[in-house]
Each structure stands twice: as structure tokens, then as C-alpha cells.
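Novice: To start, I am sharing the structure in question, which I have written as C-alpha cells.
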Amino acid sequence: MSLPSISARIAILAYPGVQSAAVSGLGDLFLVANRLCALRGNDGLDVTEITADALPDTENDRFQIVIIPPNLSGTRGQDATEIHDWLNALHTNGTVIASACAGAFLLGHSGLLDGRAATTHWALEDEFRAAFPNTTLHSEHLLIDENDIVTAGGLMAWI
């Protein structure tokens, strides 16, 4: 079985406190998807795990999608200005940014959710609303797709 050509570049962001099962699980899901693509003769996906301490240059490393998995540590990323700047630069260049559960806090602190609708885990609703009053939170929804920003609500919503 030969590897398929690449139709999209996807980055999975591994940041302090990230749910490691989500990072690994997303990698596994995309691996299976690429195998199915190859069997059907379709283009595949180039999936890369990006660590917060080695963010790629946004001018030379282009991604169509960046996924921010859940955070299990309670850290919300308010001081992660390097990540905020990186996400904003990618978004400005046309990258779709997606988050699951508490990963939405990184989006919120980057300013990318200002004036938008979003979701996160229902247990984080009060904390999220207090932190991001300029975001319309719909924690009762599992998925909010704003075309260029996608948020998913549950801890296991990355699946």
C-alpha cells in the first residue's frame, strides 16, 4: 500500500497540561483515516504534533487546521502569549482553529473568540463566561462551527 498524496496539513497542539490521550488519540484517528484514504486511492492528511516550546514559523509552515485538545490540569493558558500570537498569526493566514473542551480557553485568551459563538464543557460554563464576556457561550451544544473557528464541548469531543 503506497502512501496517499497530501490534501491537508493538520497540527495538533501539545501544550502544558494538555490531555495526552487526546493528542495521541487524534494522531491515531488520523492515521486510520489515512489508511482508508490510501485504500480508496484518495489524498491523505499530513498530521503533525506541535509542542508549545517549539512552535513552527507561521510564514513557512502552513497548516489548514490546528487542533487544541482539552486541558486536564486546570491551567487555562492566559499567560501563554507565545501560543496566542502563534494562533492569531495562523488564523490571519487562513488556518482553521479548532478546540475541544477546555482547549477553548486558549482560543479565548488569544482573542479569537471575541464576538463569536463558542462551546466548551458544561462544567466550565461559569468560569468561561466570566473570563470571556465578549463570547456567546452555548455550552448546551456539542459543536459550534463558525467556519474558521470550531469549538467542541465535551472532554472526549475530540473524537
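Labeling convention for the C-alpha cells: chains A, B, ... as they appear, residues from 1 per chain, ligands from 1 in order of appearance.
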Excluding Ile65 of chain A and any residue of its chain fewer than 5 positions from it, enumerate the residues within 7 Å of it, using only C-alpha atoms, and give them as a short mmCIF file (atom, residue, chain, number, x, y, z; two decimals) with all heavy atoms, in the first residue's frame.

Specialist:
data_model
loop_
_atom_site.label_atom_id
_atom_site.label_comp_id
_atom_site.auth_asym_id
_atom_site.auth_seq_id
_atom_site.Cartn_x
_atom_site.Cartn_y
_atom_site.Cartn_z
N ARG A 9 -2.80 19.85 5.65
CA ARG A 9 -1.85 19.77 6.77
C ARG A 9 -2.59 20.15 8.04
O ARG A 9 -3.21 21.20 8.11
CB ARG A 9 -0.67 20.71 6.55
CG ARG A 9 0.21 20.26 5.39
CD ARG A 9 1.53 21.00 5.35
NE ARG A 9 2.33 20.57 6.49
CZ ARG A 9 3.13 21.37 7.19
NH1 ARG A 9 3.24 22.64 6.88
NH2 ARG A 9 3.83 20.92 8.20
N ILE A 10 -2.48 19.27 9.04
CA ILE A 10 -3.16 19.46 10.32
C ILE A 10 -2.12 19.42 11.43
O ILE A 10 -1.26 18.54 11.45
CB ILE A 10 -4.22 18.36 10.54
CG1 ILE A 10 -5.27 18.40 9.45
CG2 ILE A 10 -4.85 18.49 11.93
CD1 ILE A 10 -6.24 17.24 9.48
N ALA A 11 -2.22 20.37 12.36
CA ALA A 11 -1.35 20.38 13.53
C ALA A 11 -2.20 20.12 14.77
O ALA A 11 -3.29 20.67 14.92
CB ALA A 11 -0.64 21.73 13.66
N THR A 95 -5.72 29.74 8.50
CA THR A 95 -5.82 28.44 9.17
C THR A 95 -7.11 28.37 9.98
O THR A 95 -7.47 29.31 10.68
CB THR A 95 -4.61 28.24 10.12
OG1 THR A 95 -3.42 28.27 9.33
CG2 THR A 95 -4.70 26.92 10.87
N VAL A 96 -7.79 27.24 9.90
CA VAL A 96 -8.96 26.97 10.74
C VAL A 96 -8.43 26.51 12.09
O VAL A 96 -7.56 25.64 12.17
CB VAL A 96 -9.86 25.87 10.12
CG1 VAL A 96 -10.97 25.47 11.09
CG2 VAL A 96 -10.43 26.33 8.79
N ILE A 97 -8.94 27.10 13.17
CA ILE A 97 -8.51 26.73 14.52
C ILE A 97 -9.69 26.00 15.19
O ILE A 97 -10.81 26.51 15.19
CB ILE A 97 -8.12 27.96 15.36
CG1 ILE A 97 -7.17 28.89 14.59
CG2 ILE A 97 -7.54 27.52 16.69
CD1 ILE A 97 -5.79 28.37 14.35
#

Novice: Which polymer residues have any atom within 7 Å of an atom of segment 67-78 of chain A, counting only C-alpha atoms, with same-chain residues fewer than 5 positions away left out, as number ranges by chain?

Specialist: A: 11-13, 17-19, 22-23, 97-103, 105-106, 109, 155, 158

Novice: Take the residues from that selection and put them in a file with all heavy atoms, as a tab-separated table (two decimals), in the first residue's frame.

Specialist:
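Writing the result to selection.tsv gives the following:
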chain	number	residue	atom	x	y	z
A	11	ALA	N	-2.22	20.37	12.36
A	11	ALA	CA	-1.35	20.38	13.53
A	11	ALA	C	-2.20	20.12	14.77
A	11	ALA	O	-3.29	20.67	14.92
A	11	ALA	CB	-0.64	21.73	13.66
A	12	ILE	N	-1.68	19.28	15.65
A	12	ILE	CA	-2.29	19.03	16.95
A	12	ILE	C	-1.37	19.68	17.97
A	12	ILE	O	-0.18	19.33	18.06
A	12	ILE	CB	-2.42	17.52	17.22
A	12	ILE	CG1	-3.24	16.85	16.13
A	12	ILE	CG2	-3.04	17.28	18.60
A	12	ILE	CD1	-3.17	15.33	16.14
A	13	LEU	N	-1.89	20.64	18.74
A	13	LEU	CA	-1.07	21.41	19.67
A	13	LEU	C	-0.97	20.71	21.02
A	13	LEU	O	-1.96	20.52	21.72
A	13	LEU	CB	-1.65	22.81	19.85
A	13	LEU	CG	-0.90	23.74	20.80
A	13	LEU	CD1	0.53	23.98	20.31
A	13	LEU	CD2	-1.65	25.06	20.94
A	17	GLY	N	-0.24	20.91	30.26
A	17	GLY	CA	-1.49	20.44	30.85
A	17	GLY	C	-2.43	19.75	29.89
A	17	GLY	O	-3.51	19.32	30.28
A	18	VAL	N	-2.04	19.61	28.63
A	18	VAL	CA	-2.92	19.01	27.62
A	18	VAL	C	-3.27	17.57	28.00
A	18	VAL	O	-2.48	16.87	28.65
A	18	VAL	CB	-2.28	19.07	26.22
A	18	VAL	CG1	-1.13	18.07	26.08
A	18	VAL	CG2	-3.31	18.85	25.12
A	19	GLN	N	-4.45	17.14	27.61
A	19	GLN	CA	-4.86	15.75	27.79
A	19	GLN	C	-4.07	14.91	26.79
A	19	GLN	O	-4.34	14.92	25.60
A	19	GLN	CB	-6.36	15.59	27.54
A	19	GLN	CG	-6.85	14.17	27.69
A	19	GLN	CD	-8.30	14.00	27.25
A	19	GLN	OE1	-8.90	14.88	26.65
A	19	GLN	NE2	-8.85	12.84	27.55
A	22	ALA	N	-5.78	12.71	24.28
A	22	ALA	CA	-6.39	13.37	23.13
A	22	ALA	C	-5.35	13.61	22.04
A	22	ALA	O	-5.64	13.41	20.85
A	22	ALA	CB	-7.04	14.69	23.54
A	23	VAL	N	-4.15	14.02	22.43
A	23	VAL	CA	-3.09	14.24	21.44
A	23	VAL	C	-2.78	12.93	20.72
A	23	VAL	O	-2.78	12.86	19.49
A	23	VAL	CB	-1.83	14.83	22.10
A	23	VAL	CG1	-0.69	14.93	21.09
A	23	VAL	CG2	-2.13	16.19	22.72
A	97	ILE	N	-8.94	27.10	13.17
A	97	ILE	CA	-8.51	26.73	14.52
A	97	ILE	C	-9.69	26.00	15.19
A	97	ILE	O	-10.81	26.51	15.19
A	97	ILE	CB	-8.12	27.96	15.36
A	97	ILE	CG1	-7.17	28.89	14.59
A	97	ILE	CG2	-7.54	27.52	16.69
A	97	ILE	CD1	-5.79	28.37	14.35
A	98	ALA	N	-9.40	24.83	15.75
A	98	ALA	CA	-10.43	24.03	16.41
A	98	ALA	C	-9.99	23.70	17.83
A	98	ALA	O	-8.80	23.50	18.09
A	98	ALA	CB	-10.67	22.73	15.64
A	99	SER	N	-10.95	23.65	18.75
A	99	SER	CA	-10.64	23.28	20.12
A	99	SER	C	-11.67	22.28	20.63
A	99	SER	O	-12.78	22.19	20.10
A	99	SER	CB	-10.64	24.51	21.03
A	99	SER	OG	-11.95	25.00	21.22
A	100	ALA	N	-11.26	21.55	21.66
A	100	ALA	CA	-12.18	20.66	22.36
A	100	ALA	C	-12.13	20.99	23.84
A	100	ALA	O	-11.05	21.22	24.40
A	100	ALA	CB	-11.79	19.20	22.13
A	101	CYS	N	-13.30	21.04	24.46
A	101	CYS	CA	-13.43	21.21	25.91
A	101	CYS	C	-12.67	22.45	26.38
A	101	CYS	O	-12.83	23.54	25.83
A	101	CYS	CB	-12.97	19.93	26.60
A	101	CYS	SG	-13.33	19.84	28.36
A	102	ALA	N	-11.81	22.30	27.38
A	102	ALA	CA	-11.08	23.43	27.96
A	102	ALA	C	-10.05	24.02	27.01
A	102	ALA	O	-9.50	25.08	27.29
A	102	ALA	CB	-10.42	23.02	29.27
A	103	GLY	N	-9.79	23.38	25.88
A	103	GLY	CA	-8.91	23.97	24.87
A	103	GLY	C	-9.45	25.30	24.38
A	103	GLY	O	-8.70	26.16	23.90
A	105	PHE	N	-10.29	27.71	26.12
A	105	PHE	CA	-9.72	28.81	26.91
A	105	PHE	C	-8.51	29.42	26.20
A	105	PHE	O	-8.33	30.64	26.24
A	105	PHE	CB	-9.34	28.34	28.31
A	105	PHE	CG	-10.52	28.25	29.24
A	105	PHE	CD1	-11.35	27.14	29.23
A	105	PHE	CD2	-10.82	29.30	30.11
A	105	PHE	CE1	-12.44	27.05	30.08
A	105	PHE	CE2	-11.91	29.22	30.96
A	105	PHE	CZ	-12.74	28.10	30.95
A	106	LEU	N	-7.69	28.60	25.54
A	106	LEU	CA	-6.57	29.15	24.78
A	106	LEU	C	-7.08	30.04	23.65
A	106	LEU	O	-6.51	31.10	23.39
A	106	LEU	CB	-5.70	28.03	24.20
A	106	LEU	CG	-4.52	27.59	25.04
A	106	LEU	CD1	-3.83	26.39	24.43
A	106	LEU	CD2	-3.53	28.72	25.25
A	109	HIS	N	-8.35	33.32	25.30
A	109	HIS	CA	-7.27	34.20	25.74
A	109	HIS	C	-6.48	34.78	24.57
A	109	HIS	O	-5.85	35.82	24.71
A	109	HIS	CB	-6.34	33.48	26.71
A	109	HIS	CG	-6.94	33.28	28.07
A	109	HIS	ND1	-7.35	34.33	28.87
A	109	HIS	CD2	-7.24	32.16	28.75
A	109	HIS	CE1	-7.85	33.86	29.99
A	109	HIS	NE2	-7.80	32.54	29.95
A	155	LEU	N	-15.25	16.76	27.12
A	155	LEU	CA	-13.88	16.32	27.34
A	155	LEU	C	-13.44	15.33	26.25
A	155	LEU	O	-12.30	15.36	25.80
A	155	LEU	CB	-13.74	15.68	28.72
A	155	LEU	CG	-12.38	15.12	29.09
A	155	LEU	CD1	-11.35	16.22	29.18
A	155	LEU	CD2	-12.46	14.35	30.39
A	158	TRP	N	-13.06	15.56	21.23
A	158	TRP	CA	-12.00	15.49	20.22
A	158	TRP	C	-12.18	14.27	19.31
A	158	TRP	O	-11.72	14.26	18.18
A	158	TRP	CB	-10.61	15.48	20.85
A	158	TRP	CG	-10.38	14.37	21.84
A	158	TRP	CD1	-10.56	14.43	23.20
A	158	TRP	CD2	-9.93	13.04	21.56
A	158	TRP	NE1	-10.26	13.23	23.78
A	158	TRP	CE2	-9.86	12.35	22.80
A	158	TRP	CE3	-9.57	12.37	20.41
A	158	TRP	CZ2	-9.46	11.04	22.89
A	158	TRP	CZ3	-9.16	11.05	20.51
A	158	TRP	CH2	-9.11	10.39	21.74

Novice: Neighbours of Glu140 of chain A within 10 Å (only C-alpha atoms; same-chain residues fewer than 4 positions away dropped), as a ChimeraX atom specification?

Specialist: /A:119-122,125,153-154

Novice: Hey, can you spit out that residue selection with N, CA, C and O atoms as a PDB file, in the first residue's frame?

Specialist:
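Output below, filename selection.pdb:
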ATOM      1  N   THR A 119     -18.434  26.917  22.288  1.00  0.00           N
ATOM      2  CA  THR A 119     -18.860  25.978  23.321  1.00  0.00           C
ATOM      3  C   THR A 119     -17.640  25.433  24.033  1.00  0.00           C
ATOM      4  O   THR A 119     -16.510  25.525  23.536  1.00  0.00           O
ATOM      5  N   THR A 120     -17.873  24.900  25.206  1.00  0.00           N
ATOM      6  CA  THR A 120     -16.869  24.197  25.997  1.00  0.00           C
ATOM      7  C   THR A 120     -17.637  23.226  26.889  1.00  0.00           C
ATOM      8  O   THR A 120     -18.872  23.165  26.826  1.00  0.00           O
ATOM      9  N   HIS A 121     -16.927  22.503  27.711  1.00  0.00           N
ATOM     10  CA  HIS A 121     -17.583  21.556  28.611  1.00  0.00           C
ATOM     11  C   HIS A 121     -18.550  22.308  29.528  1.00  0.00           C
ATOM     12  O   HIS A 121     -18.224  23.384  30.049  1.00  0.00           O
ATOM     13  N   TRP A 122     -19.717  21.751  29.763  1.00  0.00           N
ATOM     14  CA  TRP A 122     -20.747  22.413  30.573  1.00  0.00           C
ATOM     15  C   TRP A 122     -20.266  22.747  31.983  1.00  0.00           C
ATOM     16  O   TRP A 122     -20.688  23.729  32.576  1.00  0.00           O
ATOM     17  N   GLU A 125     -18.741  26.247  32.285  1.00  0.00           N
ATOM     18  CA  GLU A 125     -19.558  27.351  31.797  1.00  0.00           C
ATOM     19  C   GLU A 125     -19.359  28.646  32.583  1.00  0.00           C
ATOM     20  O   GLU A 125     -19.109  29.703  31.995  1.00  0.00           O
ATOM     21  N   GLY A 153     -17.576  20.750  22.722  1.00  0.00           N
ATOM     22  CA  GLY A 153     -17.849  20.932  24.134  1.00  0.00           C
ATOM     23  C   GLY A 153     -17.307  19.933  25.112  1.00  0.00           C
ATOM     24  O   GLY A 153     -16.789  20.320  26.145  1.00  0.00           O
ATOM     25  N   GLY A 154     -17.414  18.677  24.877  1.00  0.00           N
ATOM     26  CA  GLY A 154     -17.098  17.685  25.905  1.00  0.00           C
ATOM     27  C   GLY A 154     -15.640  17.314  25.978  1.00  0.00           C
ATOM     28  O   GLY A 154     -14.875  17.506  25.037  1.00  0.00           O
TER      29      GLY A 154
END

Novice: Mind giving me the straight-line distance from atom CA of Leu90 of chain A to atom CA of Asp57 of chain A in Å, one decimal?

Specialist: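 Atom-to-atom, atom CA of Leu90 of chain A to atom CA of Asp57 of chain A, that is 9.5 Å.
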
Novice: As a list in words, please: every residue in segment 36-127 of chain A that DSSP puts in alpha helix (DSSP H).

Specialist: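 Residues meeting the alpha helix (DSSP H) criterion: Leu36, Cys37, Ala38, Leu39, Arg40, Thr81, Glu82, Ile83, His84, Asp85, Trp86, Leu87, Asn88, Ala89, Leu90, His91, Thr92, Ala104, Phe105, Leu106, Leu107, Gly108, His109, Ser110, Glu125, Asp126 and Glu127 of chain A.
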
Novice: Residues of chain A in strand (DSSP E) according to DSSP, as number ranges by chain?

Specialist: A: 6-14, 44-51, 65-68, 96-100, 117-118, 136-137, 143-145, 149-152

Novice: Could you jot down the atom CA of Asp53 of chain A to atom CA of Phe132 of chain A separation for me, Å, one decimal place?

Specialist: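 Atom CA of Phe132 of chain A lies at a distance of 25.7 Å from atom CA of Asp53 of chain A.
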